[in-house]
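Dropping upload_37.cif in here (mmCIF, C-alpha atoms and all ligand atoms):
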```cif
data_input
#
loop_
_atom_site.label_atom_id
_atom_site.label_comp_id
_atom_site.auth_asym_id
_atom_site.auth_seq_id
_atom_site.Cartn_x
_atom_site.Cartn_y
_atom_site.Cartn_z
CA MET A 51 1.48 16.15 5.69
CA ALA A 52 4.33 13.80 6.53
CA GLU A 53 6.86 15.19 8.99
CA ALA A 54 9.86 16.24 6.95
CA ASN A 55 12.54 14.93 9.32
CA TYR A 56 11.59 11.26 8.86
CA ASN A 57 13.20 9.27 6.09
CA PRO A 58 11.11 6.16 5.21
CA TYR A 59 14.17 4.20 4.09
CA GLU A 60 15.91 4.81 7.43
CA ASN A 61 12.64 3.74 9.11
CA ALA A 62 12.50 0.53 7.05
CA GLN A 63 16.15 -0.22 7.81
CA LYS A 64 15.71 0.48 11.52
CA GLN A 65 12.73 -1.88 11.70
CA PHE A 66 14.74 -4.54 9.85
CA ASP A 67 17.89 -4.05 11.98
CA ASP A 68 15.96 -4.44 15.24
CA ILE A 69 14.40 -7.75 14.19
CA ALA A 70 17.61 -9.01 12.52
CA GLU A 71 19.36 -8.43 15.86
CA SER A 72 16.68 -10.31 17.80
CA LEU A 73 16.84 -13.19 15.28
CA ASN A 74 20.64 -13.26 15.45
CA LEU A 75 20.79 -13.04 11.67
CA ASP A 76 24.36 -13.23 10.48
CA ALA A 77 26.12 -10.06 9.37
CA GLY A 78 26.30 -11.07 5.69
CA MET A 79 22.56 -11.69 5.48
CA ARG A 80 21.83 -8.39 7.24
CA GLU A 81 23.99 -6.45 4.84
CA PHE A 82 22.27 -8.11 1.88
CA LEU A 83 18.66 -7.75 3.07
CA ARG A 84 18.81 -4.18 4.35
CA GLN A 85 19.10 -2.65 0.86
CA PRO A 86 17.62 -3.16 -2.64
CA MET A 87 19.38 -5.64 -4.96
CA MET A 88 18.92 -3.38 -7.96
CA GLU A 89 18.03 0.27 -8.56
CA LEU A 90 17.15 2.05 -11.77
CA HIS A 91 17.13 5.86 -11.75
CA PHE A 92 16.13 7.47 -15.03
CA THR A 93 14.52 10.41 -16.76
CA ILE A 94 11.42 10.48 -18.96
CA PRO A 95 11.12 13.37 -21.41
CA VAL A 96 7.45 14.08 -22.14
CA LYS A 97 5.99 16.34 -24.82
CA MET A 98 3.43 18.49 -23.02
CA ASP A 99 0.18 19.66 -24.60
CA ASP A 100 1.47 23.24 -24.88
CA GLY A 101 4.36 22.12 -27.12
CA THR A 102 7.09 22.30 -24.44
CA THR A 103 8.99 19.26 -23.18
CA LYS A 104 9.21 18.38 -19.52
CA THR A 105 11.65 15.87 -18.03
CA PHE A 106 10.35 13.68 -15.22
CA ASN A 107 12.64 11.77 -12.84
CA ALA A 108 11.67 8.18 -12.16
CA PHE A 109 12.76 5.01 -10.38
CA ARG A 110 12.24 1.26 -10.41
CA MET A 111 13.88 -0.85 -7.73
CA LYS A 112 14.04 -4.53 -6.91
CA HIS A 113 14.61 -5.10 -3.22
CA ASN A 114 14.70 -8.90 -3.21
CA THR A 115 13.80 -11.64 -5.68
CA ALA A 116 14.78 -14.78 -3.74
CA ARG A 117 11.14 -15.91 -3.38
CA GLY A 118 10.05 -14.89 -6.89
CA PRO A 119 9.94 -12.00 -9.35
CA ALA A 120 9.91 -8.50 -7.87
CA LYS A 121 6.41 -7.16 -7.34
CA GLY A 122 5.14 -3.73 -6.41
CA GLY A 123 3.37 -0.62 -7.52
CA ILE A 124 4.51 2.56 -9.21
CA ARG A 125 3.77 5.64 -7.18
CA PHE A 126 3.11 8.93 -8.98
CA HIS A 127 3.75 11.68 -6.44
CA PRO A 128 5.36 15.13 -6.39
CA HIS A 129 7.37 14.26 -3.25
CA GLU A 130 8.64 10.89 -4.46
CA THR A 131 12.30 10.28 -3.62
CA ALA A 132 14.78 7.46 -4.19
CA ASP A 133 14.70 6.71 -0.47
CA THR A 134 10.90 6.45 -0.40
CA VAL A 135 11.02 3.97 -3.28
CA ARG A 136 13.79 2.01 -1.51
CA ALA A 137 11.63 1.77 1.61
CA LEU A 138 8.50 0.80 -0.29
CA ALA A 139 10.39 -1.86 -2.29
CA THR A 140 11.74 -3.29 0.97
CA TRP A 141 8.28 -3.40 2.53
CA MET A 142 6.98 -5.22 -0.59
CA THR A 143 9.48 -8.03 0.05
CA TRP A 144 8.19 -8.44 3.60
CA LYS A 145 4.57 -8.06 2.45
CA CYS A 146 4.75 -10.84 -0.17
CA ALA A 147 6.57 -13.10 2.27
CA THR A 148 4.03 -12.45 5.06
CA VAL A 149 1.08 -13.49 2.88
CA ASP A 150 3.27 -16.27 1.50
CA ILE A 151 2.89 -15.57 -2.20
CA PRO A 152 5.77 -16.57 -4.53
CA LEU A 153 6.92 -13.05 -5.28
CA GLY A 154 9.70 -10.72 -4.18
CA GLY A 155 9.66 -7.01 -3.50
CA GLY A 156 9.94 -4.09 -5.89
CA LYS A 157 8.63 -0.58 -6.29
CA GLY A 158 8.64 2.25 -8.76
CA GLY A 159 8.04 5.95 -8.60
CA ILE A 160 7.68 8.97 -10.84
CA ILE A 161 8.13 12.46 -9.44
CA CYS A 162 5.03 14.11 -10.85
CA ASP A 163 1.71 15.62 -9.84
CA PRO A 164 -0.98 13.59 -11.68
CA PRO A 165 -3.91 16.03 -11.16
CA SER A 166 -1.91 18.72 -12.97
CA LEU A 167 -1.37 16.54 -16.08
CA SER A 168 -3.85 16.10 -18.93
CA GLN A 169 -4.88 12.54 -19.85
CA ASN A 170 -2.67 12.75 -22.97
CA GLU A 171 0.33 13.90 -20.94
CA LEU A 172 -0.28 11.16 -18.39
CA GLU A 173 -0.45 8.56 -21.17
CA ARG A 174 2.84 9.79 -22.68
CA LEU A 175 4.43 9.67 -19.21
CA CYS A 176 3.26 6.07 -18.62
CA ARG A 177 4.46 4.94 -22.03
CA GLY A 178 7.77 6.77 -21.53
CA TYR A 179 8.28 4.94 -18.21
CA VAL A 180 7.95 1.57 -19.93
CA ARG A 181 10.23 2.57 -22.83
CA LYS A 182 12.97 3.18 -20.26
CA ILE A 183 12.64 -0.05 -18.26
CA TRP A 184 11.02 -2.63 -20.53
CA THR A 185 14.13 -4.84 -20.56
CA GLN A 186 13.98 -5.05 -16.76
CA ILE A 187 10.29 -5.94 -16.31
CA GLY A 188 8.22 -8.98 -17.26
CA HIS A 189 6.16 -11.64 -15.52
CA GLU A 190 9.31 -13.64 -14.80
CA MET A 191 11.36 -10.65 -13.59
CA ASP A 192 9.48 -7.71 -12.13
CA ILE A 193 5.76 -6.93 -12.27
CA PRO A 194 4.61 -3.36 -11.62
CA ALA A 195 1.13 -2.41 -10.38
CA PRO A 196 -0.79 0.70 -9.30
CA ASP A 197 -0.01 2.69 -6.15
CA VAL A 198 -0.72 6.20 -4.89
CA GLY A 199 -1.47 8.47 -7.87
CA SER A 200 -1.62 5.73 -10.53
CA ASN A 201 -4.63 3.70 -11.67
CA ALA A 202 -5.90 0.90 -13.93
CA GLN A 203 -5.76 3.09 -17.05
CA CYS A 204 -2.09 3.88 -16.38
CA MET A 205 -1.40 0.13 -16.06
CA LEU A 206 -3.12 -0.54 -19.38
CA TRP A 207 -1.11 2.11 -21.23
CA MET A 208 2.02 0.57 -19.74
CA MET A 209 1.00 -2.96 -20.76
CA ASP A 210 0.18 -1.73 -24.26
CA GLU A 211 3.56 -0.02 -24.60
CA TYR A 212 5.34 -3.18 -23.45
CA GLU A 213 3.36 -5.34 -25.90
CA THR A 214 4.01 -2.87 -28.71
CA ILE A 215 7.76 -2.97 -28.10
CA THR A 216 7.91 -6.75 -27.69
CA ALA A 217 5.33 -7.55 -30.39
CA GLY A 218 3.33 -10.02 -28.31
CA HIS A 219 0.61 -10.37 -25.71
CA TYR A 220 1.95 -10.32 -22.16
CA PRO A 221 -0.86 -9.28 -19.81
CA GLY A 222 1.09 -10.69 -16.85
CA VAL A 223 3.76 -7.97 -17.25
CA ILE A 224 1.71 -5.67 -15.04
CA THR A 225 -1.26 -5.99 -12.67
CA GLY A 226 -4.12 -3.74 -11.64
CA LYS A 227 -5.32 -3.56 -15.24
CA PRO A 228 -8.97 -2.78 -16.06
CA VAL A 229 -11.39 -5.71 -15.84
CA GLY A 230 -11.90 -7.10 -19.35
CA MET A 231 -8.36 -6.11 -20.34
CA GLY A 232 -6.56 -8.71 -18.25
CA GLY A 233 -7.51 -7.22 -14.89
CA SER A 234 -9.00 -9.29 -12.09
CA LEU A 235 -12.43 -8.75 -10.63
CA GLY A 236 -11.98 -7.60 -7.06
CA ARG A 237 -8.50 -6.04 -7.61
CA LYS A 238 -9.85 -2.51 -7.16
CA GLU A 239 -11.42 -3.43 -3.81
CA ALA A 240 -8.71 -5.87 -2.71
CA THR A 241 -6.43 -3.67 -0.59
CA GLY A 242 -9.27 -2.03 1.34
CA TYR A 243 -11.24 -5.24 1.74
CA GLY A 244 -8.07 -7.08 2.78
CA CYS A 245 -7.59 -4.57 5.63
CA ILE A 246 -11.10 -5.28 6.87
CA TYR A 247 -10.76 -9.09 6.54
CA VAL A 248 -7.80 -8.82 8.91
CA LEU A 249 -9.61 -6.42 11.25
CA LYS A 250 -12.69 -8.66 11.29
CA ASP A 251 -10.62 -11.66 12.32
CA LEU A 252 -8.80 -9.70 15.01
CA LEU A 253 -12.12 -8.47 16.43
CA ARG A 254 -13.37 -12.07 16.44
CA VAL A 255 -10.27 -13.19 18.34
CA ILE A 256 -10.57 -10.43 20.95
CA ASN A 257 -14.32 -10.95 21.17
CA CYS A 258 -15.40 -7.49 20.10
CA PRO A 259 -18.46 -7.21 17.80
CA ILE A 260 -17.61 -5.06 14.78
CA GLY A 261 -21.06 -3.44 14.99
CA SER A 262 -20.14 -1.88 18.32
CA THR A 263 -17.00 -0.17 16.96
CA THR A 264 -16.27 3.25 15.50
CA ALA A 265 -13.39 4.35 13.28
CA SER A 266 -11.62 7.41 11.93
CA ILE A 267 -9.85 7.21 8.58
CA GLN A 268 -7.02 9.18 7.03
CA GLY A 269 -7.24 9.33 3.23
CA PHE A 270 -10.06 8.63 0.82
CA GLY A 271 -8.26 7.09 -2.14
CA ASN A 272 -8.82 3.55 -3.37
CA VAL A 273 -7.73 1.78 -0.17
CA ALA A 274 -9.69 3.96 2.27
CA GLU A 275 -12.84 4.02 0.16
CA HIS A 276 -13.13 0.24 -0.09
CA ALA A 277 -12.06 -0.36 3.49
CA ALA A 278 -14.72 2.10 4.65
CA HIS A 279 -17.37 0.46 2.49
CA MET A 280 -16.72 -3.02 3.82
CA TYR A 281 -16.32 -1.85 7.42
CA THR A 282 -19.63 0.05 7.40
CA ASN A 283 -21.38 -2.81 5.54
CA LEU A 284 -20.33 -5.08 8.40
CA GLY A 285 -21.90 -2.66 10.89
CA GLY A 286 -18.95 -0.45 11.93
CA LYS A 287 -19.42 3.31 12.07
CA VAL A 288 -16.92 5.68 10.39
CA ILE A 289 -17.03 8.95 12.34
CA ALA A 290 -14.46 10.93 10.36
CA VAL A 291 -12.56 10.84 7.07
CA SER A 292 -9.65 13.13 6.33
CA CYS A 293 -8.40 13.78 2.80
CA TRP A 294 -6.24 16.07 0.71
CA ASN A 295 -7.90 18.96 -1.09
CA GLN A 296 -6.08 19.62 -4.35
CA ALA A 297 -7.51 23.11 -4.93
CA ASP A 298 -6.57 24.39 -1.45
CA SER A 299 -3.33 22.35 -1.19
CA LYS A 300 -4.29 21.20 2.27
CA ALA A 301 -6.18 18.41 4.00
CA TYR A 302 -9.55 18.55 5.76
CA THR A 303 -11.36 16.12 8.03
CA PHE A 304 -15.06 15.54 7.34
CA LYS A 305 -16.98 14.39 10.38
CA LYS A 306 -20.45 13.10 11.16
CA ALA A 307 -20.76 12.03 14.79
CA ASP A 308 -23.59 9.61 14.01
CA GLY A 309 -21.63 8.00 11.16
CA CYS A 310 -20.50 9.02 7.65
CA ASP A 311 -22.40 7.69 4.64
CA ILE A 312 -19.54 6.20 2.61
CA SER A 313 -21.54 5.90 -0.65
CA GLU A 314 -22.47 9.56 -0.39
CA LEU A 315 -18.83 10.58 0.22
CA THR A 316 -17.69 8.37 -2.68
CA GLU A 317 -20.07 10.21 -4.99
CA ILE A 318 -18.58 13.60 -4.12
CA LYS A 319 -14.90 12.67 -4.36
CA ASP A 320 -12.67 12.98 -7.40
CA GLN A 321 -10.45 10.22 -8.82
CA TYR A 322 -7.55 11.30 -6.56
CA GLY A 323 -9.57 10.95 -3.37
CA SER A 324 -10.40 14.64 -2.75
CA ILE A 325 -13.85 15.15 -1.24
CA ASP A 326 -15.70 18.24 -2.56
CA LYS A 327 -15.86 20.39 0.58
CA ASP A 328 -18.90 22.49 -0.43
CA LYS A 329 -20.94 19.39 -1.22
CA ALA A 330 -19.83 17.74 2.02
CA ILE A 331 -20.89 20.77 4.06
CA ALA A 332 -24.23 20.84 2.22
CA LEU A 333 -24.70 17.18 3.19
CA GLY A 334 -24.28 18.08 6.85
CA TYR A 335 -20.62 17.15 7.42
CA GLU A 336 -18.60 19.15 9.90
CA MET A 337 -15.33 20.30 8.28
CA LEU A 338 -12.30 20.19 10.60
CA PRO A 339 -8.54 20.62 10.02
CA GLY A 340 -6.80 17.78 8.19
CA ASP A 341 -5.09 16.38 11.28
CA ALA A 342 -8.34 16.18 13.31
CA TRP A 343 -8.86 12.57 12.13
CA ILE A 344 -6.26 11.37 14.61
CA SER A 345 -7.80 12.90 17.74
CA GLN A 346 -11.33 11.52 17.35
CA ASP A 347 -12.91 9.49 20.15
CA VAL A 348 -13.12 6.24 18.21
CA ASP A 349 -12.06 2.61 18.73
CA ILE A 350 -10.07 2.22 15.53
CA LEU A 351 -7.71 4.52 13.62
CA ILE A 352 -7.18 3.61 9.96
CA PRO A 353 -4.34 5.58 8.32
CA CYS A 354 -4.71 5.04 4.55
CA ALA A 355 -2.68 7.92 3.13
CA LEU A 356 1.10 8.26 3.16
CA GLU A 357 4.04 7.34 5.38
CA ASN A 358 5.16 9.08 8.62
CA GLN A 359 1.73 10.17 9.84
CA ILE A 360 1.70 8.67 13.35
CA THR A 361 4.70 10.13 15.13
CA PRO A 362 5.60 10.82 18.79
CA SER A 363 4.60 14.45 18.32
CA VAL A 364 1.01 13.60 17.31
CA PHE A 365 0.72 10.51 19.53
CA PRO A 366 -0.56 12.42 22.63
CA SER A 367 -3.55 13.62 20.59
CA ILE A 368 -4.72 10.03 20.03
CA SER A 369 -7.85 9.47 22.14
CA LYS A 370 -7.63 7.07 25.10
CA GLN A 371 -10.61 5.27 23.51
CA VAL A 372 -8.48 4.00 20.58
CA LYS A 373 -7.85 0.25 20.86
CA ILE A 374 -6.67 -0.63 17.37
CA ILE A 375 -4.54 0.98 14.65
CA LEU A 376 -5.12 -0.63 11.26
CA GLU A 377 -2.38 0.46 8.84
CA GLY A 378 -3.89 0.68 5.35
CA ALA A 379 -1.04 2.89 4.10
CA ASN A 380 2.59 1.81 3.75
CA GLY A 381 4.74 3.05 6.63
CA PRO A 382 2.22 5.37 8.34
CA THR A 383 3.84 4.91 11.78
CA THR A 384 7.39 5.98 12.54
CA PRO A 385 9.60 3.48 14.44
CA ASP A 386 10.00 5.90 17.38
CA CYS A 387 6.22 5.85 17.83
CA ASP A 388 5.92 2.05 18.01
CA PRO A 389 7.03 1.89 21.69
CA LEU A 390 4.40 4.49 22.64
CA ILE A 391 1.66 2.51 20.88
CA LYS A 392 2.88 -0.69 22.54
CA ASP A 393 3.02 0.92 26.00
CA ARG A 394 -0.53 2.20 25.71
CA GLY A 395 -1.69 -1.31 24.84
CA ILE A 396 -3.08 -0.33 21.44
CA ILE A 397 -3.23 -3.33 19.11
CA LEU A 398 -1.45 -2.52 15.85
CA LEU A 399 -2.22 -4.35 12.61
CA PRO A 400 0.99 -3.65 10.69
CA ASP A 401 0.99 -2.29 7.14
CA PHE A 402 2.67 -5.14 5.32
CA LEU A 403 0.13 -7.57 6.75
CA ALA A 404 -2.96 -5.33 6.77
CA ASN A 405 -2.62 -3.88 3.27
CA ALA A 406 -1.32 -7.04 1.58
CA GLY A 407 -4.71 -7.66 -0.06
CA GLY A 408 -3.74 -5.59 -3.10
CA VAL A 409 -0.64 -7.54 -3.97
CA THR A 410 -2.35 -10.84 -3.12
CA CYS A 411 -5.05 -10.04 -5.66
CA SER A 412 -2.35 -8.91 -8.11
CA TYR A 413 -0.89 -12.39 -7.75
CA PHE A 414 -4.35 -13.86 -8.52
CA GLU A 415 -4.51 -11.55 -11.54
CA GLN A 416 -1.22 -12.95 -12.82
CA VAL A 417 -2.39 -16.51 -12.24
CA GLN A 418 -5.54 -15.76 -14.27
CA ASN A 419 -3.45 -14.09 -16.99
CA ASN A 420 -1.22 -17.14 -17.23
CA MET A 421 -4.23 -19.48 -17.51
CA ASN A 422 -6.13 -17.05 -19.74
CA TYR A 423 -9.15 -18.03 -17.67
CA TYR A 424 -10.88 -15.54 -15.39
CA TRP A 425 -12.59 -16.14 -12.06
CA GLY A 426 -15.84 -14.62 -10.82
CA LYS A 427 -15.66 -11.90 -8.17
CA ASP A 428 -16.91 -14.14 -5.36
CA GLU A 429 -14.19 -16.66 -6.13
CA VAL A 430 -11.49 -13.96 -6.07
CA LEU A 431 -12.73 -12.46 -2.81
CA GLU A 432 -13.10 -15.84 -1.16
CA LYS A 433 -9.49 -16.71 -2.03
CA LEU A 434 -8.41 -13.26 -0.87
CA GLU A 435 -10.11 -13.56 2.51
CA TYR A 436 -8.61 -17.02 3.00
CA ALA A 437 -5.09 -15.72 2.27
CA MET A 438 -5.47 -12.65 4.50
CA VAL A 439 -6.94 -14.52 7.45
CA LYS A 440 -4.28 -17.23 7.18
CA ALA A 441 -1.54 -14.59 7.22
CA PHE A 442 -3.16 -12.73 10.11
CA ARG A 443 -3.46 -15.88 12.22
CA ALA A 444 0.19 -16.81 11.62
CA VAL A 445 1.26 -13.31 12.71
CA TYR A 446 -1.13 -13.26 15.67
CA ASP A 447 0.10 -16.68 16.86
CA VAL A 448 3.76 -15.63 16.73
CA ALA A 449 2.87 -12.42 18.56
CA GLN A 450 1.12 -14.40 21.32
CA GLU A 451 3.74 -17.14 21.49
CA LYS A 452 6.72 -14.77 21.70
CA ASN A 453 4.82 -12.04 23.50
CA VAL A 454 5.77 -9.47 20.85
CA TYR A 455 4.06 -6.60 19.05
CA MET A 456 2.34 -7.67 15.82
CA ARG A 457 4.70 -5.64 13.62
CA ASP A 458 7.63 -7.55 15.11
CA ALA A 459 5.83 -10.87 14.65
CA ALA A 460 5.18 -10.11 10.97
CA TYR A 461 8.83 -9.13 10.52
CA ILE A 462 9.99 -12.35 12.18
CA ILE A 463 7.90 -14.46 9.78
CA ALA A 464 8.84 -12.47 6.68
CA ILE A 465 12.56 -12.13 7.36
CA ASN A 466 12.87 -15.84 8.18
CA ARG A 467 11.10 -16.80 4.94
CA VAL A 468 13.22 -14.51 2.78
CA ALA A 469 16.49 -15.40 4.53
CA ASP A 470 15.70 -19.11 4.07
CA ALA A 471 15.08 -18.58 0.34
CA VAL A 472 18.36 -16.67 0.01
CA LYS A 473 20.23 -19.48 1.78
CA LEU A 474 18.52 -22.28 -0.16
CA ARG A 475 19.47 -20.58 -3.42
CA GLY A 476 23.04 -20.45 -2.19
CA TRP A 477 23.28 -16.69 -2.66
CA LEU A 478 24.96 -16.30 0.72
N1 LIG A 501 0.89 -0.85 -4.52
C1 LIG A 501 0.28 -1.92 -3.75
C2 LIG A 501 1.06 -2.20 -2.49
O1 LIG A 501 1.77 -1.37 -1.98
C3 LIG A 501 0.03 -3.14 -4.61
C4 LIG A 501 1.24 -3.75 -5.23
C5 LIG A 501 0.93 -4.81 -6.27
O2 LIG A 501 -0.21 -5.11 -6.51
O3 LIG A 501 1.91 -5.31 -6.83
O4 LIG A 501 0.93 -3.23 -1.92
#
```
Spell out the structure here as structure tokens.
Amino acid sequence: MAEANYNPYENAQKQFDDIAESLNLDAGMREFLRQPMMELHFTIPVKMDDGTTKTFNAFRMKHNTARGPAKGGIRFHPHETADTVRALATWMTWKCATVDIPLGGGKGGIICDPPSLSQNELERLCRGYVRKIWTQIGHEMDIPAPDVGSNAQCMLWMMDEYETITAGHYPGVITGKPVGMGGSLGRKEATGYGCIYVLKDLLRVINCPIGSTTASIQGFGNVAEHAAHMYTNLGGKVIAVSCWNQADSKAYTFKKADGCDISELTEIKDQYGSIDKDKAIALGYEMLPGDAWISQDVDILIPCALENQITPSVFPSISKQVKIILEGANGPTTPDCDPLIKDRGIILLPDFLANAGGVTCSYFEQVQNNMNYYWGKDEVLEKLEYAMVKAFRAVYDVAQEKNVYMRDAAYIIAINRVADAVKLRGWL
């Protein structure tokens, strides 16, 4: 669980303020870039299967659109808050700028618990979301996508609702759609694979064969599953995977010291990333407490769950063997933990670089939608790897040149790009 006393929006603003100070960004620009440009807060009444009506609270925010339309997922989570959405929208701006795609930053959220909703209720919720914000989205304005708790089916219901209201075909209004319905091949794998493309290039640069490394992963949703698949296919060994168990309302870590079989774990997980604990035990996995993933003797930690997981209070439990933290989740490390990671000499691949594969592939999806011509999977993944490696090298070079932590290097690149676009447009 995330530590309750951390506010992701304050974290995002603190990270921004520190870099803005070091870049000597003028006060007007700082004031503009440290908050979203537009926020929508609204309610969605949904008729439940039992005949009652439930009202869900929801958000859609645009952090910055100077480099292009706002882009970012919609998170369906019981602990969603306006501040979490503000932070995630801000990080999307930096993410799109870091991988240099012509999009801005946005994010949405619905306070709900998807596993407790029937498919019909979920469909009504998705359609209700679009009915409330359809005037504010569109391929030229703001393009939602999946995030924690939402999936391709949700995106398709949303697209269908938008097209029903506007009486046209606009597949580019939303990304992460099912393949064959405007979705891109490779989109499902893109975020996880993107993390490993970046890791692979880092390991090449530091001369460390991937086949000699071990990793421990937090989460087993879409990002973690595909990252784990590609990492193990390249020869890495995943020692432990921790994930949330819906039935018990707590997390467990599943461990196999000689390496987890990711295909086997994928087969025994549900659509929300919960691994069936009885089946895992029957397959010979050791079941440990949820937070045990962080204290494993491995080379690489891959947090792929939620924000605020790596904090000063858990930092001492990180094994001295850990050399790399690869942030698959958004905001998994709190700003007060960054100095500790830096001091210990752990190399950190920051979230808005490492997990940018999803939005990069969403951009490819939009390009394909606009052309109404669809690429093969190899073509998508080749373009994705090129974009991720290019972004990684730019960040790595700035980090080396200025002797800074990679998160700071990514911020320097992203903030400069966005601030330049704001200035060129004459907004400030
Ligand atoms: N939700 C993903 C992210 O945080 C993907 C966003 C998108 O594809 O627009 O990057």
Collect all residues with atoms no farther than 6 Å from ligand LIG 501 (chain A), counting all atoms listed in the file, and output them as JSON, numbers by chain.
{"A": [121, 122, 123, 194, 195, 196, 197, 406, 408, 409, 412]}
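The space separating CA of Gly155 in chain A from CA of Ile187 in chain A comes to 12.9 Å.
For the choices A:Gly285, A:Asp386, A:Cys146, A:Asn419, the atom-to-atom distance to Pro221 in chain A is smallest for A:Asn419 when using only C-alpha atoms.
Our summary of the geometry notes that CA of Ser168 in chain A is positioned 14.4 Å from CA of Trp207 in chain A.
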Distance of CA of Gln63 in chain A from CA of Met88 in chain A, expressed in Å to one decimal place:
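So the two atoms, CA of Met88 in chain A and CA of Gln63 in chain A, lie 16.3 Å apart.
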Can you work out which one of A:Ala116, A:Ile267, A:Ala469, A:Ile375 has the shortest atom-to-atom distance to Met456 in chain A, counting only C-alpha atoms?
A:Ile375
